[in-house]
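**Q** This is protein-v9.pdb (PDB, C-alpha atoms).
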```
ATOM      1  CA  MET A  24       0.000   0.000   0.000
ATOM      2  CA  LYS A  25       1.320   3.448  -0.886
ATOM      3  CA  ILE A  26       1.471   5.944   1.948
ATOM      4  CA  ILE A  27       0.849   9.708   1.915
ATOM      5  CA  LYS A  28       2.632  11.771   4.550
ATOM      6  CA  LEU A  29       0.638  14.722   5.853
ATOM      7  CA  SER A  30       2.157  18.091   6.784
ATOM      8  CA  ASN A  31       2.387  17.099  10.467
ATOM      9  CA  GLY A  32       4.184  13.831   9.665
ATOM     10  CA  VAL A  33       1.155  11.554  10.086
ATOM     11  CA  GLU A  34       1.101   8.822   7.450
ATOM     12  CA  MET A  35      -2.130   7.620   5.832
ATOM     13  CA  PRO A  36      -2.825   4.983   3.184
ATOM     14  CA  GLN A  37      -3.297   6.542  -0.250
ATOM     15  CA  LEU A  38      -6.107   4.100  -1.026
ATOM     16  CA  GLY A  39      -9.019   3.445   1.287
ATOM     17  CA  TYR A  40     -12.649   2.401   1.391
ATOM     18  CA  GLY A  41     -15.481   4.946   1.418
ATOM     19  CA  VAL A  42     -18.896   4.302   2.970
ATOM     20  CA  TYR A  43     -20.894   7.190   1.485
ATOM     21  CA  GLN A  44     -24.429   5.950   0.684
ATOM     22  CA  VAL A  45     -23.765   2.656   2.442
ATOM     23  CA  THR A  46     -26.808   2.122   4.640
ATOM     24  CA  PRO A  47     -26.362   1.754   8.395
ATOM     25  CA  GLU A  48     -27.687  -1.808   8.044
ATOM     26  CA  GLU A  49     -25.075  -2.728   5.407
ATOM     27  CA  CYS A  50     -22.115  -0.758   6.720
ATOM     28  CA  GLU A  51     -20.739  -3.219   9.243
ATOM     29  CA  ARG A  52     -20.728  -6.050   6.709
ATOM     30  CA  CYS A  53     -19.193  -3.868   3.979
ATOM     31  CA  VAL A  54     -16.405  -2.523   6.183
ATOM     32  CA  SER A  55     -15.697  -6.046   7.455
ATOM     33  CA  ASP A  56     -15.374  -7.206   3.836
ATOM     34  CA  ALA A  57     -13.146  -4.242   2.967
ATOM     35  CA  LEU A  58     -10.828  -4.947   5.892
ATOM     36  CA  SER A  59     -10.701  -8.636   5.015
ATOM     37  CA  VAL A  60      -9.483  -7.960   1.445
ATOM     38  CA  GLY A  61      -6.792  -5.571   2.637
ATOM     39  CA  TYR A  62      -8.109  -2.036   3.084
ATOM     40  CA  ARG A  63      -6.623  -0.196   6.033
ATOM     41  CA  MET A  64      -8.286   3.195   5.660
ATOM     42  CA  ILE A  65     -12.037   3.765   6.089
ATOM     43  CA  ASP A  66     -13.778   7.056   5.265
ATOM     44  CA  THR A  67     -17.082   7.849   6.967
ATOM     45  CA  ALA A  68     -18.956  10.970   8.153
ATOM     46  CA  GLN A  69     -21.546  12.097  10.664
ATOM     47  CA  ALA A  70     -23.986  12.733   7.807
ATOM     48  CA  TYR A  71     -23.659   9.141   6.538
ATOM     49  CA  ALA A  72     -25.289   7.836   9.736
ATOM     50  CA  ASN A  73     -23.019   4.784   9.706
ATOM     51  CA  GLU A  74     -20.148   5.607  12.067
ATOM     52  CA  GLU A  75     -21.435   2.897  14.429
ATOM     53  CA  GLY A  76     -21.148   0.271  11.695
ATOM     54  CA  VAL A  77     -17.579   1.325  10.962
ATOM     55  CA  GLY A  78     -16.676   1.131  14.638
ATOM     56  CA  ASN A  79     -18.264  -2.286  15.081
ATOM     57  CA  ALA A  80     -16.483  -3.705  12.043
ATOM     58  CA  VAL A  81     -13.076  -2.413  13.114
ATOM     59  CA  LYS A  82     -13.553  -3.668  16.668
ATOM     60  CA  GLN A  83     -14.618  -7.133  15.522
ATOM     61  CA  SER A  84     -11.920  -7.444  12.856
ATOM     62  CA  GLY A  85      -9.179  -8.232  15.350
ATOM     63  CA  ILE A  86      -6.915  -5.756  13.543
ATOM     64  CA  ALA A  87      -4.968  -3.472  15.868
ATOM     65  CA  ARG A  88      -6.466   0.014  16.086
ATOM     66  CA  ASP A  89      -3.217   1.675  15.015
ATOM     67  CA  GLU A  90      -3.266  -0.341  11.789
ATOM     68  CA  VAL A  91      -6.570   1.139  10.584
ATOM     69  CA  PHE A  92      -6.769   4.788   9.527
ATOM     70  CA  ILE A  93     -10.209   6.281  10.247
ATOM     71  CA  VAL A  94     -11.553   9.420   8.550
ATOM     72  CA  SER A  95     -14.773  11.157   9.560
ATOM     73  CA  LYS A  96     -16.379  14.552   8.950
ATOM     74  CA  ILE A  97     -18.384  17.098  10.929
ATOM     75  CA  TRP A  98     -21.709  17.986   9.342
ATOM     76  CA  ILE A  99     -22.821  21.625   9.004
ATOM     77  CA  SER A 100     -25.620  21.249  11.567
ATOM     78  CA  ASN A 101     -22.808  20.686  14.085
ATOM     79  CA  TYR A 102     -20.793  23.750  13.064
ATOM     80  CA  GLY A 103     -19.877  26.442  15.557
ATOM     81  CA  TYR A 104     -17.306  25.798  18.271
ATOM     82  CA  GLU A 105     -19.514  24.272  20.982
ATOM     83  CA  LYS A 106     -21.592  22.050  18.687
ATOM     84  CA  ALA A 107     -18.556  20.853  16.785
ATOM     85  CA  LYS A 108     -16.703  20.074  20.011
ATOM     86  CA  THR A 109     -19.645  17.990  21.250
ATOM     87  CA  SER A 110     -20.024  16.256  17.876
ATOM     88  CA  ILE A 111     -16.380  15.133  17.851
ATOM     89  CA  ASP A 112     -16.918  13.368  21.168
ATOM     90  CA  GLU A 113     -20.137  11.844  19.800
ATOM     91  CA  SER A 114     -18.310  10.514  16.740
ATOM     92  CA  LEU A 115     -15.665   8.996  19.001
ATOM     93  CA  ARG A 116     -18.419   7.331  21.024
ATOM     94  CA  LYS A 117     -20.139   5.927  17.938
ATOM     95  CA  LEU A 118     -16.851   4.696  16.493
ATOM     96  CA  GLN A 119     -15.887   3.223  19.891
ATOM     97  CA  MET A 120     -12.442   4.795  19.565
ATOM     98  CA  GLU A 121     -10.197   7.014  21.663
ATOM     99  CA  TYR A 122      -9.026   8.983  18.637
ATOM    100  CA  ILE A 123      -9.896   9.604  14.985
ATOM    101  CA  ASP A 124      -6.998   9.671  12.548
ATOM    102  CA  LEU A 125      -8.374  12.444  10.338
ATOM    103  CA  MET A 126     -11.411  14.678  10.971
ATOM    104  CA  LEU A 127     -12.690  17.049   8.298
ATOM    105  CA  LEU A 128     -15.233  19.842   8.032
ATOM    106  CA  HIS A 129     -17.696  18.358   5.536
ATOM    107  CA  GLN A 130     -18.832  21.533   3.732
ATOM    108  CA  PRO A 131     -17.702  25.180   3.437
ATOM    109  CA  PHE A 132     -21.006  26.576   4.746
ATOM    110  CA  CYS A 133     -22.297  27.899   8.108
ATOM    111  CA  ASP A 134     -19.895  28.692  10.984
ATOM    112  CA  ARG A 135     -16.869  26.908   9.609
ATOM    113  CA  TYR A 136     -14.458  29.016  11.650
ATOM    114  CA  GLY A 137     -16.035  28.046  14.962
ATOM    115  CA  ALA A 138     -16.113  24.428  13.892
ATOM    116  CA  TYR A 139     -12.492  24.523  12.819
ATOM    117  CA  ARG A 140     -11.443  25.935  16.202
ATOM    118  CA  ALA A 141     -13.015  22.835  17.739
ATOM    119  CA  LEU A 142     -10.947  20.683  15.347
ATOM    120  CA  GLU A 143      -7.777  22.494  16.371
ATOM    121  CA  GLU A 144      -8.549  22.006  20.057
ATOM    122  CA  ALA A 145      -9.342  18.300  19.662
ATOM    123  CA  TYR A 146      -6.153  17.916  17.621
ATOM    124  CA  ARG A 147      -4.058  19.435  20.401
ATOM    125  CA  GLU A 148      -5.800  17.175  22.924
ATOM    126  CA  GLY A 149      -4.911  14.057  20.926
ATOM    127  CA  LYS A 150      -8.493  13.178  20.024
ATOM    128  CA  LEU A 151      -7.646  13.779  16.363
ATOM    129  CA  ARG A 152      -4.323  12.884  14.752
ATOM    130  CA  ALA A 153      -4.892  15.176  11.761
ATOM    131  CA  ILE A 154      -7.487  17.733  10.652
ATOM    132  CA  GLY A 155      -8.720  19.164   7.392
ATOM    133  CA  VAL A 156     -11.663  20.097   5.232
ATOM    134  CA  SER A 157     -13.880  18.754   2.477
ATOM    135  CA  ASN A 158     -15.442  20.475  -0.540
ATOM    136  CA  PHE A 159     -13.454  23.672   0.023
ATOM    137  CA  TYR A 160     -12.771  25.433  -3.286
ATOM    138  CA  PRO A 161      -9.505  27.434  -3.554
ATOM    139  CA  ASP A 162     -11.079  30.648  -2.230
ATOM    140  CA  HIS A 163     -12.597  28.811   0.770
ATOM    141  CA  LEU A 164      -9.336  26.970   1.468
ATOM    142  CA  ILE A 165      -7.013  29.968   1.161
ATOM    143  CA  ASP A 166      -9.296  32.090   3.354
ATOM    144  CA  LEU A 167      -9.499  29.468   6.102
ATOM    145  CA  ALA A 168      -5.817  28.529   5.992
ATOM    146  CA  SER A 169      -4.839  32.192   6.314
ATOM    147  CA  ASN A 170      -6.856  32.664   9.495
ATOM    148  CA  VAL A 171      -6.224  29.548  11.602
ATOM    149  CA  GLU A 172      -3.295  28.266  13.637
ATOM    150  CA  VAL A 173      -3.237  24.691  12.292
ATOM    151  CA  LYS A 174      -3.596  24.701   8.513
ATOM    152  CA  PRO A 175      -5.835  22.022   6.923
ATOM    153  CA  MET A 176      -3.763  18.945   6.176
ATOM    154  CA  VAL A 177      -6.249  17.405   3.718
ATOM    155  CA  ASN A 178      -8.968  18.731   1.410
ATOM    156  CA  GLN A 179     -11.403  16.095   0.165
ATOM    157  CA  VAL A 180     -13.025  17.242  -3.076
ATOM    158  CA  GLU A 181     -14.765  15.720  -6.081
ATOM    159  CA  THR A 182     -11.860  14.437  -8.170
ATOM    160  CA  HIS A 183     -11.999  12.003 -11.076
ATOM    161  CA  VAL A 184     -11.009  11.799 -14.739
ATOM    162  CA  PHE A 185     -13.793  14.188 -15.777
ATOM    163  CA  ASP A 186     -13.128  16.775 -13.040
ATOM    164  CA  GLN A 187      -9.417  16.609 -12.381
ATOM    165  CA  GLN A 188      -9.021  19.613 -10.040
ATOM    166  CA  VAL A 189      -5.748  20.646 -11.683
ATOM    167  CA  GLU A 190      -5.879  24.304 -10.618
ATOM    168  CA  ALA A 191      -7.313  23.528  -7.185
ATOM    169  CA  LYS A 192      -4.485  21.060  -6.526
ATOM    170  CA  LYS A 193      -1.908  23.784  -7.239
ATOM    171  CA  TYR A 194      -3.291  25.856  -4.370
ATOM    172  CA  MET A 195      -3.423  22.805  -2.095
ATOM    173  CA  ASP A 196       0.208  22.041  -2.909
ATOM    174  CA  GLU A 197       1.168  25.635  -2.016
ATOM    175  CA  LEU A 198      -0.500  25.171   1.374
ATOM    176  CA  ASP A 199       1.071  21.724   1.933
ATOM    177  CA  CYS A 200      -2.480  20.333   1.968
ATOM    178  CA  ARG A 201      -3.052  16.868   0.471
ATOM    179  CA  ILE A 202      -5.808  16.346  -2.071
ATOM    180  CA  MET A 203      -8.264  13.531  -1.332
ATOM    181  CA  SER A 204     -10.866  12.428  -3.856
ATOM    182  CA  TRP A 205     -14.504  11.689  -3.277
ATOM    183  CA  GLY A 206     -16.256  10.076  -6.226
ATOM    184  CA  PRO A 207     -13.020   8.761  -7.805
ATOM    185  CA  LEU A 208     -15.122   6.653 -10.188
ATOM    186  CA  ALA A 209     -17.453   9.603 -10.899
ATOM    187  CA  GLU A 210     -20.250   7.433  -9.452
ATOM    188  CA  GLY A 211     -20.534   6.038 -12.981
ATOM    189  CA  ARG A 212     -21.686   9.342 -14.471
ATOM    190  CA  ASN A 213     -20.817  10.705 -17.918
ATOM    191  CA  GLY A 214     -20.554   7.180 -19.370
ATOM    192  CA  PHE A 215     -17.609   6.397 -17.106
ATOM    193  CA  PHE A 216     -17.888   2.598 -17.232
ATOM    194  CA  SER A 217     -18.004   2.560 -21.033
ATOM    195  CA  ASN A 218     -15.368   5.206 -21.727
ATOM    196  CA  GLU A 219     -13.449   4.116 -24.823
ATOM    197  CA  LEU A 220     -10.133   5.728 -23.951
ATOM    198  CA  LEU A 221      -9.991   4.202 -20.461
ATOM    199  CA  GLY A 222     -11.060   0.883 -21.940
ATOM    200  CA  GLU A 223      -8.302   0.910 -24.576
ATOM    201  CA  ILE A 224      -5.646   1.785 -22.026
ATOM    202  CA  GLY A 225      -6.946  -0.929 -19.722
ATOM    203  CA  LYS A 226      -6.583  -3.571 -22.437
ATOM    204  CA  LYS A 227      -2.817  -2.970 -22.571
ATOM    205  CA  TYR A 228      -2.476  -3.928 -18.912
ATOM    206  CA  GLY A 229      -5.297  -6.409 -18.512
ATOM    207  CA  LYS A 230      -7.075  -3.953 -16.221
ATOM    208  CA  SER A 231     -10.635  -2.657 -15.986
ATOM    209  CA  ILE A 232     -11.791   0.906 -16.602
ATOM    210  CA  PRO A 233     -12.124   1.601 -12.847
ATOM    211  CA  GLN A 234      -8.618   0.240 -12.203
ATOM    212  CA  VAL A 235      -7.144   2.532 -14.869
ATOM    213  CA  ALA A 236      -8.991   5.572 -13.500
ATOM    214  CA  LEU A 237      -7.902   4.810  -9.942
ATOM    215  CA  ARG A 238      -4.301   4.195 -10.992
ATOM    216  CA  TRP A 239      -4.292   7.554 -12.800
ATOM    217  CA  LEU A 240      -5.361   9.322  -9.610
ATOM    218  CA  LEU A 241      -2.833   7.354  -7.567
ATOM    219  CA  GLN A 242       0.032   8.447  -9.843
ATOM    220  CA  ARG A 243      -1.073  12.081  -9.464
ATOM    221  CA  GLY A 244      -0.662  11.786  -5.705
ATOM    222  CA  VAL A 245      -4.402  11.859  -5.003
ATOM    223  CA  ILE A 246      -5.777  10.007  -1.972
ATOM    224  CA  ILE A 247      -8.702   7.842  -3.123
ATOM    225  CA  ILE A 248     -11.635   6.106  -1.426
ATOM    226  CA  PRO A 249     -13.580   4.043  -3.991
ATOM    227  CA  LYS A 250     -16.802   2.514  -2.711
ATOM    228  CA  SER A 251     -18.543  -0.732  -3.567
ATOM    229  CA  THR A 252     -20.858  -2.975  -1.599
ATOM    230  CA  HIS A 253     -19.549  -6.038  -3.455
ATOM    231  CA  LYS A 254     -16.506  -7.784  -2.016
ATOM    232  CA  GLU A 255     -15.117  -8.781  -5.430
ATOM    233  CA  ARG A 256     -15.266  -5.152  -6.607
ATOM    234  CA  MET A 257     -13.577  -4.009  -3.413
ATOM    235  CA  ALA A 258     -10.721  -6.399  -4.194
ATOM    236  CA  GLU A 259     -10.587  -5.222  -7.813
ATOM    237  CA  ASN A 260     -10.341  -1.572  -6.781
ATOM    238  CA  LEU A 261      -7.467  -2.468  -4.457
ATOM    239  CA  ASN A 262      -5.575  -4.368  -7.149
ATOM    240  CA  ILE A 263      -3.918  -1.387  -8.832
ATOM    241  CA  PHE A 264      -0.363  -1.598  -7.530
ATOM    242  CA  ASP A 265       0.986  -4.136 -10.040
ATOM    243  CA  PHE A 266       1.050  -1.866 -13.094
ATOM    244  CA  GLU A 267       2.027   1.699 -13.957
ATOM    245  CA  LEU A 268       0.579   4.054 -16.546
ATOM    246  CA  THR A 269       3.058   5.632 -18.953
ATOM    247  CA  SER A 270       3.436   9.386 -19.330
ATOM    248  CA  ASP A 271       1.536   9.067 -22.618
ATOM    249  CA  ASP A 272      -1.306   7.217 -20.890
ATOM    250  CA  MET A 273      -1.430   9.942 -18.237
ATOM    251  CA  ALA A 274      -1.510  12.691 -20.858
ATOM    252  CA  GLN A 275      -4.285  11.006 -22.827
ATOM    253  CA  ILE A 276      -6.445  10.650 -19.723
ATOM    254  CA  GLN A 277      -5.843  14.311 -18.943
ATOM    255  CA  THR A 278      -7.779  15.174 -22.128
ATOM    256  CA  LEU A 279     -10.956  13.816 -20.496
ATOM    257  CA  ASP A 280     -11.053  16.749 -18.062
ATOM    258  CA  THR A 281     -14.162  18.925 -18.424
ATOM    259  CA  GLY A 282     -13.148  21.230 -15.604
ATOM    260  CA  LYS A 283     -16.674  21.020 -14.236
ATOM    261  CA  SER A 284     -18.452  19.148 -11.470
ATOM    262  CA  LEU A 285     -20.724  16.258 -12.373
ATOM    263  CA  PHE A 286     -22.638  16.879  -9.154
ATOM    264  CA  PHE A 287     -22.884  20.466  -7.908
ATOM    265  CA  ASP A 288     -20.999  23.770  -7.750
ATOM    266  CA  HIS A 289     -20.438  25.019  -4.198
ATOM    267  CA  HIS A 290     -20.446  28.591  -5.507
ATOM    268  CA  ASP A 291     -23.949  28.258  -6.979
ATOM    269  CA  GLY A 292     -26.673  30.035  -5.010
ATOM    270  CA  GLU A 293     -29.199  27.239  -5.516
ATOM    271  CA  VAL A 294     -26.666  24.691  -4.270
ATOM    272  CA  THR A 295     -26.077  26.791  -1.158
ATOM    273  CA  LYS A 296     -29.847  26.934  -0.559
ATOM    274  CA  MET A 297     -29.946  23.148  -0.938
ATOM    275  CA  PHE A 298     -27.299  22.670   1.748
ATOM    276  CA  MET A 299     -29.097  25.054   4.068
ATOM    277  CA  GLY A 300     -32.078  22.719   3.737
ATOM    278  CA  TRP A 301     -29.848  19.762   4.640
ATOM    279  CA  ARG A 302     -28.674  21.234   7.939
ATOM    280  CA  GLY A 303     -31.015  18.934   9.819
ATOM    281  CA  LEU A 304     -29.467  15.721   8.456
ATOM    282  CA  VAL A 305     -27.589  15.102  11.712
TER     283      VAL A 305
END
```
Is it possible to express this structure as structure tokens?
**A**
Amino acid sequence: MKIIKLSNGVEMPQLGYGVYQVTPEECERCVSDALSVGYRMIDTAQAYANEEGVGNAVKQSGIARDEVFIVSKIWISNYGYEKAKTSIDESLRKLQMEYIDLMLLHQPFCDRYGAYRALEEAYREGKLRAIGVSNFYPDHLIDLASNVEVKPMVNQVETHVFDQQVEAKKYMDELDCRIMSWGPLAEGRNGFFSNELLGEIGKKYGKSIPQVALRWLLQRGVIIIPKSTHKERMAENLNIFDFELTSDDMAQIQTLDTGKSLFFDHHDGEVTKMFMGWRGLV
């Protein structure tokens, strides 16, 4: 497994398993399967309502706690210093853990500064080994990083072959902030699973379209968390360390970039209104 070193020296696996849209009922089984095929990083969130399933699976796996890297996120309904502080303790309780390896602010809305102060405090107390943000565009990230004591170590944003975040990554690199992808397989949108270019490149290596797309992200230094509820697909997504894309392959895949989200633009007023309506999720 390749390792990414964060700005504070903490090391995290570059490839992990994400549980977004995995139901609370399925989560424990899915995480148990992921751990059994070799994953050692699990990404969850308060808004996913499945932190308990993650905690149960890790506890029952028999794998030492320090061998599993856990990521979670604070939802916007828990923003503000006091609420965020309480929610971190609640996440620890649900996960049945004494610390979380990486805790992120899930969205750039509401009182993100108060919430981030709670992250900084929990980090200093040892409850969190690393802290960061999610869905922060360059303006959000630069603004926050310029006004806090502990700069975000990770920014988890939509990143895949169709939205490659080239410019955004430049700003993250300047801030020594690692880029982490959600939706690395584009959730199958834009004809992802039938893309001819990815398919042709895959044939050269005996690899599937998802494996090529994940390998491309890996070689760009992107942290990835592909999700599947099927154990054989989990294993397939993990099996990307036995081949390497050439510089020509990488350049060809770069031509797939549309520079646009396949989901939503966090600068769009209607999207902001949508998130304000989702404040009650947690």
**Q** Taking all atoms listed in the file into account, name the residue in A:Glu197, A:Gln187, A:Leu261, A:Arg256 that is nearest to Ile276 in chain A.
**A**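 Among A:Glu197, A:Gln187, A:Leu261, A:Arg256, it is A:Gln187 that comes nearest to Ile276 in chain A.
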**Q** Excluding same-chain residues fewer than 3 positions from Ala138 in chain A, what lies within 6 Å of it counting only C-alpha atoms, as a PyMOL selection string?
**A** chain A and resi 102-104+107+135+141
**Q** With the file shown as input, list the residues that the PyMOL selection byres ((chain A and resi 123) around 10) selects, as a short mmCIF file (atom, residue, chain, number, x, y, z; two decimals) with C-alpha atoms, in the coordinates of the input.
**A**
```
data_model
loop_
_atom_site.label_atom_id
_atom_site.label_comp_id
_atom_site.auth_asym_id
_atom_site.auth_seq_id
_atom_site.Cartn_x
_atom_site.Cartn_y
_atom_site.Cartn_z
CA PHE A 92 -6.77 4.79 9.53
CA ILE A 93 -10.21 6.28 10.25
CA VAL A 94 -11.55 9.42 8.55
CA SER A 95 -14.77 11.16 9.56
CA ILE A 111 -16.38 15.13 17.85
CA SER A 114 -18.31 10.51 16.74
CA LEU A 115 -15.66 9.00 19.00
CA LEU A 118 -16.85 4.70 16.49
CA MET A 120 -12.44 4.80 19.57
CA GLU A 121 -10.20 7.01 21.66
CA TYR A 122 -9.03 8.98 18.64
CA ASP A 124 -7.00 9.67 12.55
CA LEU A 125 -8.37 12.44 10.34
CA MET A 126 -11.41 14.68 10.97
CA ALA A 145 -9.34 18.30 19.66
CA TYR A 146 -6.15 17.92 17.62
CA GLY A 149 -4.91 14.06 20.93
CA LYS A 150 -8.49 13.18 20.02
CA LEU A 151 -7.65 13.78 16.36
CA ARG A 152 -4.32 12.88 14.75
CA ALA A 153 -4.89 15.18 11.76
CA ILE A 154 -7.49 17.73 10.65
#
```
**Q** List as a list in words the protein and nucleic acid residues near Ala191 in chain A, meaning an atom at most 8 Å away when all atoms listed in the file are counted, but skip any in the same chain fewer than 3 places from it.
**A**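 Contacts, with the query itself left out: Tyr160, Pro161, Gln188, Tyr194 and Met195 of chain A.
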**Q** For the provided coordinates, the residues matched by the PyMOL selection byres ((chain A and resi 133) around 9) should be stated as a ChimeraX atom specification.
**A** /A:99-100,102-103,130-132,134-136,299
**Q** For CA of Gly78 in chain A and CA of Pro233 in chain A, determine how far apart the two atoms are, in Å to one decimal place.
**A**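 Value for the CA of Gly78 in chain A-CA of Pro233 in chain A distance: 27.9 Å.
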**Q** For CA of Ala68 in chain A and CA of Ser231 in chain A, determine how far apart the two atoms are, in Å to one decimal place.
**A**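 About the pair CA of Ala68 in chain A and CA of Ser231 in chain A: they are 28.9 Å apart.
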**Q** Which residues, written as a list of chain:residue names, have at least one atom at most 9 Å from Glu90 in chain A, with all atoms listed in the file counted and residues fewer than 3 positions away on the same chain left out?
**A** A:Arg63, A:Met64, A:Ile86, A:Ala87
**Q** Quick check, in Å to one decimal: how far apart do CA of Leu304 in chain A and CA of Glu181 in chain A lie?
**A** 20.7 Å
**Q** Can you spell out as a ChimeraX atom specification the set of residues that the PyMOL selection byres ((chain A and resi 271-274) around 10) selects in the structure I just provided?
**A** /A:220-221,224-225,235-236,238-240,242-243,267-270,275-279
**Q** So, counting all atoms listed in the file, which residue among A:Val60, A:Gly41, A:Leu198, A:Pro36 is closest to Lys254 in chain A?
**A** A:Val60
**Q** Please tell me which residues are no farther than 12 Å from (-8.5, 10.5, -2.8) in the file, counting all atoms listed in the file, and write them as a ChimeraX atom specification.
**A** /A:26-27,35-41,64-66,94,157,177-183,187-188,192,201-208,236-250
**Q** Taking into account all atoms listed in the file, which residue in the set A:Gln119, A:Thr46, A:Asn73, A:Asn213 is nearest to Asp186 in chain A?
**A**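 Residue with the minimum atom-to-atom distance to Asp186 in chain A: A:Asn213.
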**Q** Pick out the closest residue to Tyr228 in chain A from this set: A:Val294, A:Asn158, A:Gly85, A:Phe266. Count all atoms listed in the file.
**A**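 Smallest distance to Tyr228 in chain A is found for A:Phe266.
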**Q** Kindly list the centre and edge lengths in Å, rounded to one decimal, for the axis-aligned box that covers all listed atoms of range 124-143 of chain A plus 6 Å on each of its six sides, as JSON.
**A**
```
{"center_x": -14.6, "center_y": 19.3, "center_z": 10.6, "size_x": 27.3, "size_y": 31.3, "size_z": 26.3}
```
**Q** Mind filling out range 186-204 of chain A with N, CA and C atoms and sending it as a compact mmCIF listing (two decimals), in the frame of the given file?
**A**
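The file below, result-v2.txt, is the result:
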```txt
# COMPACT_ATOMS: atom_id res chain seq x y z
N ASP A 186 -13.31 15.55 -13.81
CA ASP A 186 -13.13 16.77 -13.04
C ASP A 186 -11.84 16.60 -12.25
N GLN A 187 -10.74 17.00 -12.86
CA GLN A 187 -9.42 16.61 -12.38
C GLN A 187 -8.82 17.54 -11.33
N GLN A 188 -9.45 18.68 -11.09
CA GLN A 188 -9.02 19.61 -10.04
C GLN A 188 -7.56 20.04 -10.19
N VAL A 189 -7.14 20.28 -11.43
CA VAL A 189 -5.75 20.65 -11.68
C VAL A 189 -5.38 21.97 -11.01
N GLU A 190 -6.18 23.00 -11.21
CA GLU A 190 -5.88 24.30 -10.62
C GLU A 190 -6.03 24.27 -9.10
N ALA A 191 -7.08 23.61 -8.63
CA ALA A 191 -7.31 23.53 -7.18
C ALA A 191 -6.14 22.83 -6.49
N LYS A 192 -5.62 21.79 -7.12
CA LYS A 192 -4.49 21.06 -6.53
C LYS A 192 -3.24 21.95 -6.41
N LYS A 193 -3.06 22.88 -7.33
CA LYS A 193 -1.91 23.78 -7.24
C LYS A 193 -1.95 24.59 -5.95
N TYR A 194 -3.15 25.09 -5.60
CA TYR A 194 -3.29 25.86 -4.37
C TYR A 194 -3.10 24.96 -3.14
N MET A 195 -3.62 23.73 -3.21
CA MET A 195 -3.42 22.80 -2.10
C MET A 195 -1.94 22.51 -1.89
N ASP A 196 -1.23 22.31 -3.00
CA ASP A 196 0.21 22.04 -2.91
C ASP A 196 0.94 23.22 -2.26
N GLU A 197 0.55 24.45 -2.61
CA GLU A 197 1.17 25.64 -2.02
C GLU A 197 0.97 25.67 -0.50
N LEU A 198 -0.17 25.16 -0.05
CA LEU A 198 -0.50 25.17 1.37
C LEU A 198 -0.07 23.89 2.10
N ASP A 199 0.64 23.01 1.36
CA ASP A 199 1.07 21.72 1.93
C ASP A 199 -0.13 20.93 2.42
N CYS A 200 -1.22 21.01 1.66
CA CYS A 200 -2.48 20.33 1.97
C CYS A 200 -2.69 19.23 0.94
N ARG A 201 -2.92 17.99 1.40
CA ARG A 201 -3.05 16.87 0.47
C ARG A 201 -4.46 16.81 -0.14
N ILE A 202 -4.52 16.49 -1.39
CA ILE A 202 -5.81 16.35 -2.07
C ILE A 202 -6.33 14.92 -1.90
N MET A 203 -7.60 14.82 -1.51
CA MET A 203 -8.26 13.53 -1.33
C MET A 203 -9.53 13.54 -2.19
N SER A 204 -9.75 12.49 -2.92
CA SER A 204 -10.87 12.43 -3.86
C SER A 204 -12.10 11.77 -3.25
```
